[in-house]
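Structure first, then comments.
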Amino acid sequence: MLAYESRKSRCPHMQAIERGSCGRSVMIRTATLNDLNKIYTNKGFSSNRTKRKGNEMKNVKKFMSLMIAVVMVLAMAVTSFAEEPTKGTITVKNATKGYEYTAYKVFDATYDGDAVSYTTPAANASKLDDSLFGWSTAADENGNISVWVKDGVDDADVIDWVSEHYADFGGTAIPGVFDETDSTVTFSNLDFGYYYITSGLGATVTINTAAPTAEVYDKNDAEDADPTKTIVSVDGTAVDNLTETDAHVGSVIGFEINAITTNWVYEGNEPSGWNIREEWTVTDTPTSMSIDEASVHVYVNGTEITSGFTKAIADSGALTVTIDMMDDNGNSIYPANLGEKEGQIPVKVTYTATVTKDAGETPAKNEIPGTSLKVNTYQFDLEKTDGSTALLGAKFEVYNGETKLTFTVNEAGHYVYDAQGTVDQIDLTEVATATITGLDKWDLTLKEVVVPKGYNQAEDTAVLKDDLKLVGDTTSTATVTVVNKQGSVLPSTGGIGTTLFYVIGAILVLGSGVLMVSKKRMGAN
């Protein structure tokens with residue numbers, strides 16, 4: 001074909017490529033349509049271009065196809081001659097500002113293509129653990145021996161060993177460079193090898209020709225601390241981190257949850273088992289208490305956050321708070337602390353809860369895994385007798401100091417303290433006993449306001465706080481008994497009164513005196 005012959009005659013570099021001796025860069029001259037016309041004319045083509053038009057276009061297409069093939073071949077040739085990398089880079093992501101990140105080379109890495117082997121000076125053979133590693137007995141021309149991990153050895157055991165012995169191999173400490181914009185630390189221009197990185201990280205990583213750049217994540221080597229919870233206020237009054245307190249139905253109790261989390265969570269075997277923590281969650285389950293969702297506040301690293309978390313109260317009343325710990329790019333959101341709590345991220349959740357009417361029957365509690373807080377409410381039983389048997393027909397009011405208490409009567413017929421309640425009397429007109437519950441640990445006073453018919457009104461009765469019984473306590477009793485006595489019969493207006501009795505008595509006394517005098521005289525005669 002003419003186009004092919006012309007290409008070979010005009011492109012000596014193509015011949016060189018075919019012989020395998022073409023250089024790494026080749027200049028390619030692009031033929032124009034005028035050049036092609038000259039070529040065709042020199043070969044004796046007719047000047048009748050109208051007839052030759054179809055043939056010319058076919059030849060042009062063939063020529064251009066061949067030129068494209070040449071360009072592709074040259075591009076592949078340039079790639080094949082690209083230099084193999086000789087240095088590597090390690091990037092530590094999720095790094096913490098203020099940490100010192102240092103890399104130490106433990107073994108050298110040599111390679112053949114993608115195959116990698118590790119070497120160390122022969123003098124280091126005595127430092128290796130033969131339960132983990134195997135190594136060659138003869139050194140190479142550079143005085144190095146090959147090192148490999150034995151079959152069946154767990155990666156975690158190797159990493160633990162390296163973390164304890166990396167300094168024995170004399171690797172030079174290479175400091176990392178921290179970048180505040182993306183919280184990374186970079187080690188650049190590294191020889192290929194197996195490196196150990198110190199800080200909170202404690203990571204091992206291989207740099208070789210197959211992977212001249214590597215990324216590792218700083219898990220900020222610290223442990224979680226389980227959440228703990230305390231009572232910090234009662235009805236707006238601060239208390240000192242209590243685990244138990246006294247209260248009444250309607251009391252508002254302040255709670256505080258404190259925990260330590262980290263940016264990493266272990267979910268398997270080393271090294272792949274460590275993953276960046278996506279979120280931190282705590283669930284708080286109350287009993288006989290109602291949590292106020294609007295009162296929930298969340299703090300991370302000592303600072304309140306207003307976004308990046310969710311809070312929800314289930315139908316059961318349980319509060320769940322979930323804090324996002326990872327951003328959309330897969331990086332940790334919150335930096336771990338330095339100093340005394342190195343690697344740790346303090347979390348705090350505060351909220352309030354109200355003691356409900358259920359606390360009149362069921363002890364009020366508030367629980368998270370590992371911690372249970374108790375809010376004590378109190379009760380007593382009131383009974384009415386005539387000193388020996390039950391007595392109906394009385395009503396009482398209950399006072400805390402000068403304040404008359406109000407109640408709600410529950411399904412069990414018990415009087416549950418309720419500051420908003422509409423019942424202000426304990427009714428014993430049809431029953432002889434009643435239970436008063438949901439109380440704080442108060443000293444109380446009972447006032448009888450309705451007296452059973454035929455009985456005297458009872459004096460005010462004191463109910464001492466130490467005599468109250470805890471709600472839910474089934475081993476003790478607290479019963480207050482109020483006794484009514486019958487009164488004496490008094491005279492009514494218009495009756496004979498007691499005068500007749502006095503006259504009869506006087507007559508009997510005088511008669512007795514006369515009789516005694518008569519007997520003495522008869523005896524004297």
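Convention: chains lettered A, B, ... in structure tokens order; per-chain residue numbering from 1; ligands numbered from 1 as shown.
Within 8 Å of Thr322 of chain A, once only C-alpha atoms are used and residues closer than 2 positions along the same chain are dropped, the contacting residues are Glu279, Trp280, Thr281, Val282, Phe309, Thr310, Lys311, Thr320 and Asp324 of chain A.
Closest approach to Leu132 of chain A among A:Met325, A:Val153, A:Thr181, A:Tyr415 is made by A:Val153 (distances from only C-alpha atoms).
Distance annotation: of A:Asp358, A:Asp224, A:Asp386, A:Asp284, the residue with the minimal separation from Gly472 of chain A is A:Asp358; atom set is only C-alpha atoms.
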Contacts between segment 363-381 of chain A and segment 279-338 of chain A, please, where a residue of segment 279-338 of chain A counts if it comes within 7 Å (with only C-alpha atoms); show its shortest atom pair and distance in Å to one decimal, rows by chain and ascending number, as CSV.
residue,atom,partner,partner_atom,distance
A:Thr283,CA,A:Ile368,CA,6.2
A:Asp284,CA,A:Ile368,CA,4.9
A:Thr285,CA,A:Glu367,CA,5.2
A:Pro286,CA,A:Asn366,CA,4.2
A:Thr287,CA,A:Lys365,CA,4.9
A:Ser288,CA,A:Ala364,CA,4.8
A:Met289,CA,A:Ala364,CA,6.3
Could you write those residues out with all heavy atoms, as a PDB file, in the first residue's frame?
ATOM      1  N   THR A 283     -27.602   4.944  76.522  1.00  0.00           N
ATOM      2  CA  THR A 283     -29.044   4.836  76.734  1.00  0.00           C
ATOM      3  C   THR A 283     -29.330   4.851  78.226  1.00  0.00           C
ATOM      4  O   THR A 283     -28.728   4.092  78.986  1.00  0.00           O
ATOM      5  CB  THR A 283     -29.619   3.557  76.107  1.00  0.00           C
ATOM      6  OG1 THR A 283     -29.402   3.607  74.688  1.00  0.00           O
ATOM      7  CG2 THR A 283     -31.112   3.450  76.368  1.00  0.00           C
ATOM      8  N   ASP A 284     -30.247   5.718  78.626  1.00  0.00           N
ATOM      9  CA  ASP A 284     -30.608   5.906  80.026  1.00  0.00           C
ATOM     10  C   ASP A 284     -32.058   5.475  80.210  1.00  0.00           C
ATOM     11  O   ASP A 284     -32.951   5.988  79.546  1.00  0.00           O
ATOM     12  CB  ASP A 284     -30.424   7.379  80.400  1.00  0.00           C
ATOM     13  CG  ASP A 284     -30.477   7.598  81.897  1.00  0.00           C
ATOM     14  OD1 ASP A 284     -31.381   7.040  82.538  1.00  0.00           O
ATOM     15  OD2 ASP A 284     -29.635   8.337  82.417  1.00  0.00           O
ATOM     16  N   THR A 285     -32.286   4.524  81.119  1.00  0.00           N
ATOM     17  CA  THR A 285     -33.628   3.966  81.311  1.00  0.00           C
ATOM     18  C   THR A 285     -34.157   4.346  82.688  1.00  0.00           C
ATOM     19  O   THR A 285     -33.644   3.874  83.699  1.00  0.00           O
ATOM     20  CB  THR A 285     -33.598   2.442  81.166  1.00  0.00           C
ATOM     21  OG1 THR A 285     -33.023   2.102  79.902  1.00  0.00           O
ATOM     22  CG2 THR A 285     -35.000   1.874  81.263  1.00  0.00           C
ATOM     23  N   PRO A 286     -35.192   5.185  82.750  1.00  0.00           N
ATOM     24  CA  PRO A 286     -35.756   5.568  84.043  1.00  0.00           C
ATOM     25  C   PRO A 286     -36.927   4.675  84.446  1.00  0.00           C
ATOM     26  O   PRO A 286     -37.578   4.059  83.601  1.00  0.00           O
ATOM     27  CB  PRO A 286     -36.233   6.994  83.783  1.00  0.00           C
ATOM     28  CG  PRO A 286     -36.668   6.962  82.345  1.00  0.00           C
ATOM     29  CD  PRO A 286     -35.760   5.967  81.644  1.00  0.00           C
ATOM     30  N   THR A 287     -37.180   4.606  85.747  1.00  0.00           N
ATOM     31  CA  THR A 287     -38.364   3.949  86.293  1.00  0.00           C
ATOM     32  C   THR A 287     -39.067   4.939  87.202  1.00  0.00           C
ATOM     33  O   THR A 287     -38.436   5.527  88.098  1.00  0.00           O
ATOM     34  CB  THR A 287     -37.984   2.692  87.093  1.00  0.00           C
ATOM     35  OG1 THR A 287     -37.267   1.796  86.240  1.00  0.00           O
ATOM     36  CG2 THR A 287     -39.222   1.993  87.638  1.00  0.00           C
ATOM     37  N   SER A 288     -40.355   5.124  86.986  1.00  0.00           N
ATOM     38  CA  SER A 288     -41.160   6.082  87.772  1.00  0.00           C
ATOM     39  C   SER A 288     -40.593   7.493  87.671  1.00  0.00           C
ATOM     40  O   SER A 288     -40.701   8.292  88.596  1.00  0.00           O
ATOM     41  CB  SER A 288     -41.239   5.643  89.234  1.00  0.00           C
ATOM     42  OG  SER A 288     -41.828   4.371  89.351  1.00  0.00           O
ATOM     43  N   MET A 289     -39.973   7.783  86.527  1.00  0.00           N
ATOM     44  CA  MET A 289     -39.453   9.118  86.257  1.00  0.00           C
ATOM     45  C   MET A 289     -39.688   9.444  84.792  1.00  0.00           C
ATOM     46  O   MET A 289     -39.740   8.542  83.949  1.00  0.00           O
ATOM     47  CB  MET A 289     -37.964   9.219  86.590  1.00  0.00           C
ATOM     48  CG  MET A 289     -37.609   8.855  88.011  1.00  0.00           C
ATOM     49  SD  MET A 289     -35.884   9.238  88.394  1.00  0.00           S
ATOM     50  CE  MET A 289     -35.990  11.003  88.549  1.00  0.00           C
TER      51      MET A 289
END
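Atom CA of Thr389 of chain A to atom CA of Thr433 of chain A spans 11.9 Å [interatomic distance, one decimal].
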Shell of 12 Å around Lys348 of chain A, only C-alpha atoms, local chain residues under 5 positions omitted, as a ChimeraX atom specification: /A:226-230,255-261,280-282,296-305,321-323
Please report, as a ChimeraX atom specification, each residue of segment 153-314 of chain A to which DSSP assigns strand (DSSP E or B) when run on this structure's backbone. /A:174-175,177-179,184-190,193-198,203-208,211,213-217,225-234,237-242,244-246,252-261,264-266,274-276,279-287,289-291,297-300,303-305,309-313
From the DSSP assignment of the backbone, select every residue of segment 170-349 of chain A that is helix (DSSP H, G or I), and format the answer as number ranges by chain. A: 293-295, 339-341
Taken to one decimal, the atom CA of Lys384 of chain A-atom CA of Thr479 of chain A distance is 10.5 Å
